[in-house]
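**Q** So that we are looking at the same thing, I have put the structure below in structure tokens.
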Amino acid sequence: MNKKLQTLYVIWYREVLIYLRNSLKFFTSIFLPLLILIFFGTGLKTIFPTTVLHYDFVQFFFPGILALSVSIMAISSTMSIVWDREFGFLKEILVSPISRSYIALGKILGATTTAILQGALILLIMPYLGINFDITSFIKTVLVIFLIGYGMAALGIFFASRLKRIESFSILSQIIIAPMAFLSGAFFPLKNVPSWMAIMAHYNPLAYSVDALRWVVLSKSLNNEEILLMTTHSLPVCLLFLLAFNIVITFLSVRVFKKLN
Amino acid sequence: MKDLSEKAEQTEENQNNILEVIQVKNLKKRYKHITALDGISFSVKRGEVFGFLGPNGAGKTTMINILCTLALPDSGLAYVNGYHVINQPDSVRKSIGLVFQETTLDNHLTAEENLYLHAMLYGVSRKDFIKREREILKLCELWSKRKMKVETFSGGMKRRLELVRALIHWPQILFLDEPTVGLDPQTRKKIWDYIFTVRNKKNTTIFLTTQYLNEAERCDRIAIIDHGKIVAIDTPKNLKRMIGGDIIIFKTENNKQAEKEFRKKFPEYPIKWIGKELRIEIDNGDRFLAILVKAISPHITSMQLRQPTLEDIFLEITGRKIREEINGELEEEENRGFDITSLFTLFNSPEIKEKKSKTEKR
């Protein structure tokens, strides 16, 4: 048992070490969400006057951007597998006498950690956007971010194990990540969209992530009715869906990773 | 519980006392279009430096991949340190150290971090790691560079660091796949010195592949492999004895005439065409040179006398030179199954298409 934990730790440690050492990536990873929040948020606010909307547009926008940037961070961290393959390091890990499942789990947890670090950094600007929070809502938010990051990291491993070249990542982001992001409800509420879109969103884990974050992030700023207006699912439903998704995708990604050679 | 662990220790001890650390019997492996290994059998003794010699595409890398559990054989048996490569891959992996043809270091990290990660992956304790790191890094003259990032290293330094890394868990057997390819002669010599130092100090068995004949001559034993088969296996000295005495290579103004006259006068010595030259194998070649000049009528334009090399052996056995065909790249990666990118070859990946068509042509 001890040895297996050590395996997890080694793989996790390397992922986090590389993330922290790459200061450029560290900086750019929070820079873009901030830009979107500041410019987009302020700009879009001008077309939705508060009389129509009942709530501040930034309050609607912030949890969505948080969910998206955490998800993208988690997925792009798992692309280290493709880099490792390109530069050969993957082979070093694959021939070592440790279980493949634990390598995969270590990678997932490493990517989750980078997502949480990024999420926490973005959370620090909440007060400046007029969103109230206290220590409990902060911890709850971080826990939800863990759920989201973990699922997306596992999804990332699932795809990254099949990619042979780093250029393929742009394809992955276009056909998988972009539709998921657009159908997540981060940019517009999914309440009144046409049914074909609603059906697609119904199976989109990111839609549940965005809703879950709205419930926990805004719990100290808006009351339940107001949050209900901008979400499609209740918090327990979101959490249950995310948990189920995480279990299934962990199973799948470990299976794919085991077949790697 | 205690008994069990003692027993486990004992068996490990037993494993480490096995004399024939690598045993291979009738091993076969086929890729889609090519037979990479066609019934290979051999064994390697503990402490031996064993060389696998052959041209590109002869199946050398496939052999190493099977022995270190990266590829599965189609049929046949293979044991490494007494463990079965298919049924006990983890035990095999623990007993071996590997240096691949391509570098497998993590460029983002420092030399020391690379070694430390490796030590943790192989379950080396921190105390042991600190001791060994110092010893091996000093041996390979990298101690002063240990805090530097690997991306700043030269090719030779990277190679040395990989060697250090492969040794940090004290493997019973060290596998080296073309360890000196692409390095300058000085570094090459150094790498070989390290290899022998390690062998002498730790009695580590060393299994290496190479296409450099002068390097293969330093091995205790070599196997010459061609088209997936072992065509000769012995010590370099014995192999050279396959060719009687010395070799004379000469060229005349009329080779055909010279050959005819030679066959007539010395029917006991074999003569062969090598390109545009004639080759004779003979005892006491130095004395024969003078006789030869007088014996044949066409004017001799060039003449060379030398000791047989492994190159000659290879030529003798396979009928061609070892470095002749460079394009016979067989060690192609196995198809990894479904790759999403293949769906998009139509849009933006001309290279993939090119690659595909190349493999098809083959």
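Just remember, in the structure tokens the first chain shown is A, the second B, etc., residues are 1-based per chain, and ligands are 1-based in the order shown.
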Just the residues within 12 Å of Glu48 in chain B, please, counting only C-alpha atoms, with nothing from its chain fewer than 2 positions along; format it as a PyMOL selection string.

**A** chain B and resi 19-22+43-46+50-51+172-175+195-196+198-200+202-208+218-222+235

**Q** If we count only C-alpha atoms, which residues of chain B reach to within 8 Å of chain A? Please list them as an MDAnalysis selection string.

**A** chainID B and resid 68:70 89:91 93:94 102:106 108:109 117 120:123 336 338:341

**Q** Could you please determine the separation between CA of Ile296 in chain B and CA of Thr309 in chain B in Å, to one decimal place?

**A**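 Atom-to-atom, CA of Ile296 in chain B to CA of Thr309 in chain B, that is 26.7 Å.
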
**Q** Using the chain letters and numbers from this document, which residues of range 2-207 of chain A does DSSP assign to helix (DSSP H, G or I), as an MDAnalysis selection string?

**A** chainID A and resid 2:21 23:45 50:53 57:78 80:87 89:94 100:123 126:129 135:160 168:182 195:202 205:207

**Q** Save out the residues we just selected, C-alpha atoms, as a compact mmCIF listing (two decimals), in the first residue's frame.

**A**
```txt
# COMPACT_ATOMS: atom_id res chain seq x y z
CA ASN A 2 2.77 2.33 1.04
CA LYS A 3 4.56 1.66 -2.22
CA LYS A 4 1.46 2.38 -4.27
CA LEU A 5 0.99 5.68 -2.49
CA GLN A 6 4.61 6.49 -3.24
CA THR A 7 3.96 5.80 -6.92
CA LEU A 8 1.00 8.17 -6.89
CA TYR A 9 3.13 10.73 -5.11
CA VAL A 10 6.03 10.51 -7.59
CA ILE A 11 3.84 11.03 -10.63
CA TRP A 12 1.81 13.75 -8.93
CA TYR A 13 4.95 15.49 -7.69
CA ARG A 14 6.43 15.68 -11.18
CA GLU A 15 3.26 17.14 -12.70
CA VAL A 16 3.02 19.84 -10.05
CA LEU A 17 6.76 20.56 -10.14
CA ILE A 18 6.64 21.16 -13.88
CA TYR A 19 3.57 23.37 -13.54
CA LEU A 20 5.12 25.52 -10.84
CA ARG A 21 8.45 25.74 -12.61
CA SER A 23 6.23 30.42 -14.66
CA LEU A 24 5.08 31.58 -18.08
CA LYS A 25 2.34 28.96 -18.21
CA PHE A 26 1.47 29.78 -14.62
CA PHE A 27 1.00 33.42 -15.49
CA THR A 28 -0.85 32.96 -18.78
CA SER A 29 -3.19 30.43 -17.25
CA ILE A 30 -4.77 33.04 -15.02
CA PHE A 31 -4.26 35.99 -17.32
CA LEU A 32 -6.79 34.99 -19.97
CA PRO A 33 -9.70 34.29 -17.59
CA LEU A 34 -9.03 37.64 -15.94
CA LEU A 35 -9.09 39.41 -19.29
CA ILE A 36 -12.36 37.74 -20.24
CA LEU A 37 -13.91 38.62 -16.90
CA ILE A 38 -12.83 42.23 -16.93
CA PHE A 39 -13.48 43.17 -20.57
CA PHE A 40 -16.23 40.76 -21.55
CA GLY A 41 -17.95 41.06 -18.22
CA THR A 42 -17.92 44.84 -18.24
CA GLY A 43 -18.83 45.06 -21.91
CA LEU A 44 -21.72 42.63 -21.88
CA LYS A 45 -23.07 44.22 -18.75
CA THR A 50 -30.18 45.28 -14.22
CA THR A 51 -33.89 46.02 -14.51
CA VAL A 52 -34.25 43.13 -16.99
CA LEU A 53 -31.79 40.81 -15.35
CA PHE A 57 -24.13 40.28 -15.10
CA VAL A 58 -20.66 39.66 -13.62
CA GLN A 59 -22.29 37.47 -10.98
CA PHE A 60 -23.75 35.38 -13.77
CA PHE A 61 -20.52 35.37 -15.73
CA PHE A 62 -17.91 34.68 -13.04
CA PRO A 63 -18.78 31.08 -12.05
CA GLY A 64 -19.00 30.11 -15.70
CA ILE A 65 -15.56 31.49 -16.53
CA LEU A 66 -14.17 29.89 -13.38
CA ALA A 67 -15.56 26.49 -14.41
CA LEU A 68 -14.23 26.81 -17.95
CA SER A 69 -10.75 27.93 -17.02
CA VAL A 70 -10.42 25.22 -14.40
CA SER A 71 -11.59 22.60 -16.91
CA ILE A 72 -9.26 23.77 -19.65
CA MET A 73 -6.37 23.90 -17.22
CA ALA A 74 -7.04 20.32 -16.14
CA ILE A 75 -7.29 19.04 -19.69
CA SER A 76 -4.25 20.88 -20.97
CA SER A 77 -2.17 19.65 -18.02
CA THR A 78 -2.84 16.08 -19.08
CA SER A 80 1.97 16.39 -20.70
CA ILE A 81 1.50 12.74 -21.71
CA VAL A 82 1.77 13.72 -25.35
CA TRP A 83 4.82 15.90 -24.63
CA ASP A 84 6.36 13.05 -22.70
CA ARG A 85 5.79 10.74 -25.60
CA GLU A 86 7.32 13.22 -28.02
CA PHE A 87 10.41 13.70 -25.84
CA PHE A 89 10.09 10.43 -21.09
CA LEU A 90 6.86 8.45 -21.29
CA LYS A 91 8.88 5.34 -22.09
CA GLU A 92 10.91 5.77 -18.93
CA ILE A 93 7.70 5.74 -16.90
CA LEU A 94 6.10 2.89 -18.82
CA ARG A 100 -0.18 1.52 -14.91
CA SER A 101 -3.37 2.33 -13.03
CA TYR A 102 -1.42 4.26 -10.42
CA ILE A 103 0.50 6.16 -13.07
CA ALA A 104 -2.80 7.21 -14.63
CA LEU A 105 -4.26 8.17 -11.24
CA GLY A 106 -1.14 10.13 -10.36
CA LYS A 107 -1.37 12.03 -13.62
CA ILE A 108 -5.07 12.77 -13.03
CA LEU A 109 -4.42 14.01 -9.50
CA GLY A 110 -1.49 16.13 -10.68
CA ALA A 111 -3.62 17.81 -13.33
CA THR A 112 -6.41 18.27 -10.76
CA THR A 113 -3.97 20.01 -8.45
CA THR A 114 -2.91 22.46 -11.13
CA ALA A 115 -6.61 23.16 -11.80
CA ILE A 116 -7.27 23.78 -8.12
CA LEU A 117 -4.29 26.13 -7.84
CA GLN A 118 -5.56 28.11 -10.77
CA GLY A 119 -9.14 28.12 -9.48
CA ALA A 120 -8.00 29.36 -6.08
CA LEU A 121 -6.05 32.21 -7.70
CA ILE A 122 -9.08 33.29 -9.71
CA LEU A 123 -11.23 33.08 -6.58
CA MET A 126 -14.04 37.67 -6.21
CA PRO A 127 -14.30 40.57 -3.76
CA TYR A 128 -13.28 43.02 -6.49
CA LEU A 129 -16.18 41.84 -8.66
CA ILE A 135 -14.44 30.75 4.57
CA THR A 136 -17.11 28.04 4.26
CA SER A 137 -18.26 29.08 0.80
CA PHE A 138 -14.60 29.32 -0.23
CA ILE A 139 -13.91 25.76 0.93
CA LYS A 140 -17.10 24.50 -0.70
CA THR A 141 -16.06 26.17 -3.94
CA VAL A 142 -12.61 24.57 -3.83
CA LEU A 143 -14.22 21.16 -3.25
CA VAL A 144 -16.48 21.65 -6.27
CA ILE A 145 -13.45 22.76 -8.29
CA PHE A 146 -11.77 19.52 -7.25
CA LEU A 147 -14.72 17.53 -8.60
CA ILE A 148 -14.68 19.46 -11.88
CA GLY A 149 -10.92 19.41 -12.31
CA TYR A 150 -10.69 15.71 -11.55
CA GLY A 151 -13.33 14.78 -14.11
CA MET A 152 -11.81 16.93 -16.81
CA ALA A 153 -8.30 15.64 -16.02
CA ALA A 154 -9.52 12.07 -16.37
CA LEU A 155 -11.22 13.01 -19.64
CA GLY A 156 -7.95 14.58 -20.73
CA ILE A 157 -6.01 11.39 -19.95
CA PHE A 158 -8.61 9.42 -21.88
CA PHE A 159 -7.91 11.47 -25.00
CA ALA A 160 -4.22 12.25 -24.47
CA SER A 168 -3.45 17.01 -32.35
CA PHE A 169 -4.35 18.96 -29.24
CA SER A 170 -5.81 21.76 -31.34
CA ILE A 171 -8.12 19.26 -32.98
CA LEU A 172 -9.13 17.93 -29.60
CA SER A 173 -9.86 21.41 -28.34
CA GLN A 174 -11.93 22.21 -31.41
CA ILE A 175 -14.12 19.15 -31.57
CA ILE A 176 -14.42 18.29 -27.89
CA ILE A 177 -13.61 21.19 -25.63
CA ALA A 178 -15.16 24.06 -27.61
CA PRO A 179 -18.66 22.50 -28.01
CA MET A 180 -18.62 21.50 -24.37
CA ALA A 181 -17.72 25.06 -23.37
CA PHE A 182 -20.36 26.69 -25.59
CA SER A 195 -34.78 21.60 -27.31
CA TRP A 196 -32.00 20.11 -29.49
CA MET A 197 -29.53 22.30 -27.67
CA ALA A 198 -31.05 21.52 -24.31
CA ILE A 199 -30.74 17.79 -24.99
CA MET A 200 -27.09 18.12 -25.86
CA ALA A 201 -26.44 20.24 -22.79
CA HIS A 202 -28.19 17.62 -20.71
CA PRO A 205 -20.60 17.58 -17.68
CA LEU A 206 -19.50 21.19 -18.04
CA ALA A 207 -23.12 22.39 -17.82
```

**Q** Could you check how far CA of Glu316 in chain B sits from CA of Arg188 in chain B, in Å to one decimal?

**A**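 Pair CA of Glu316 in chain B / CA of Arg188 in chain B returns 27.5 Å.
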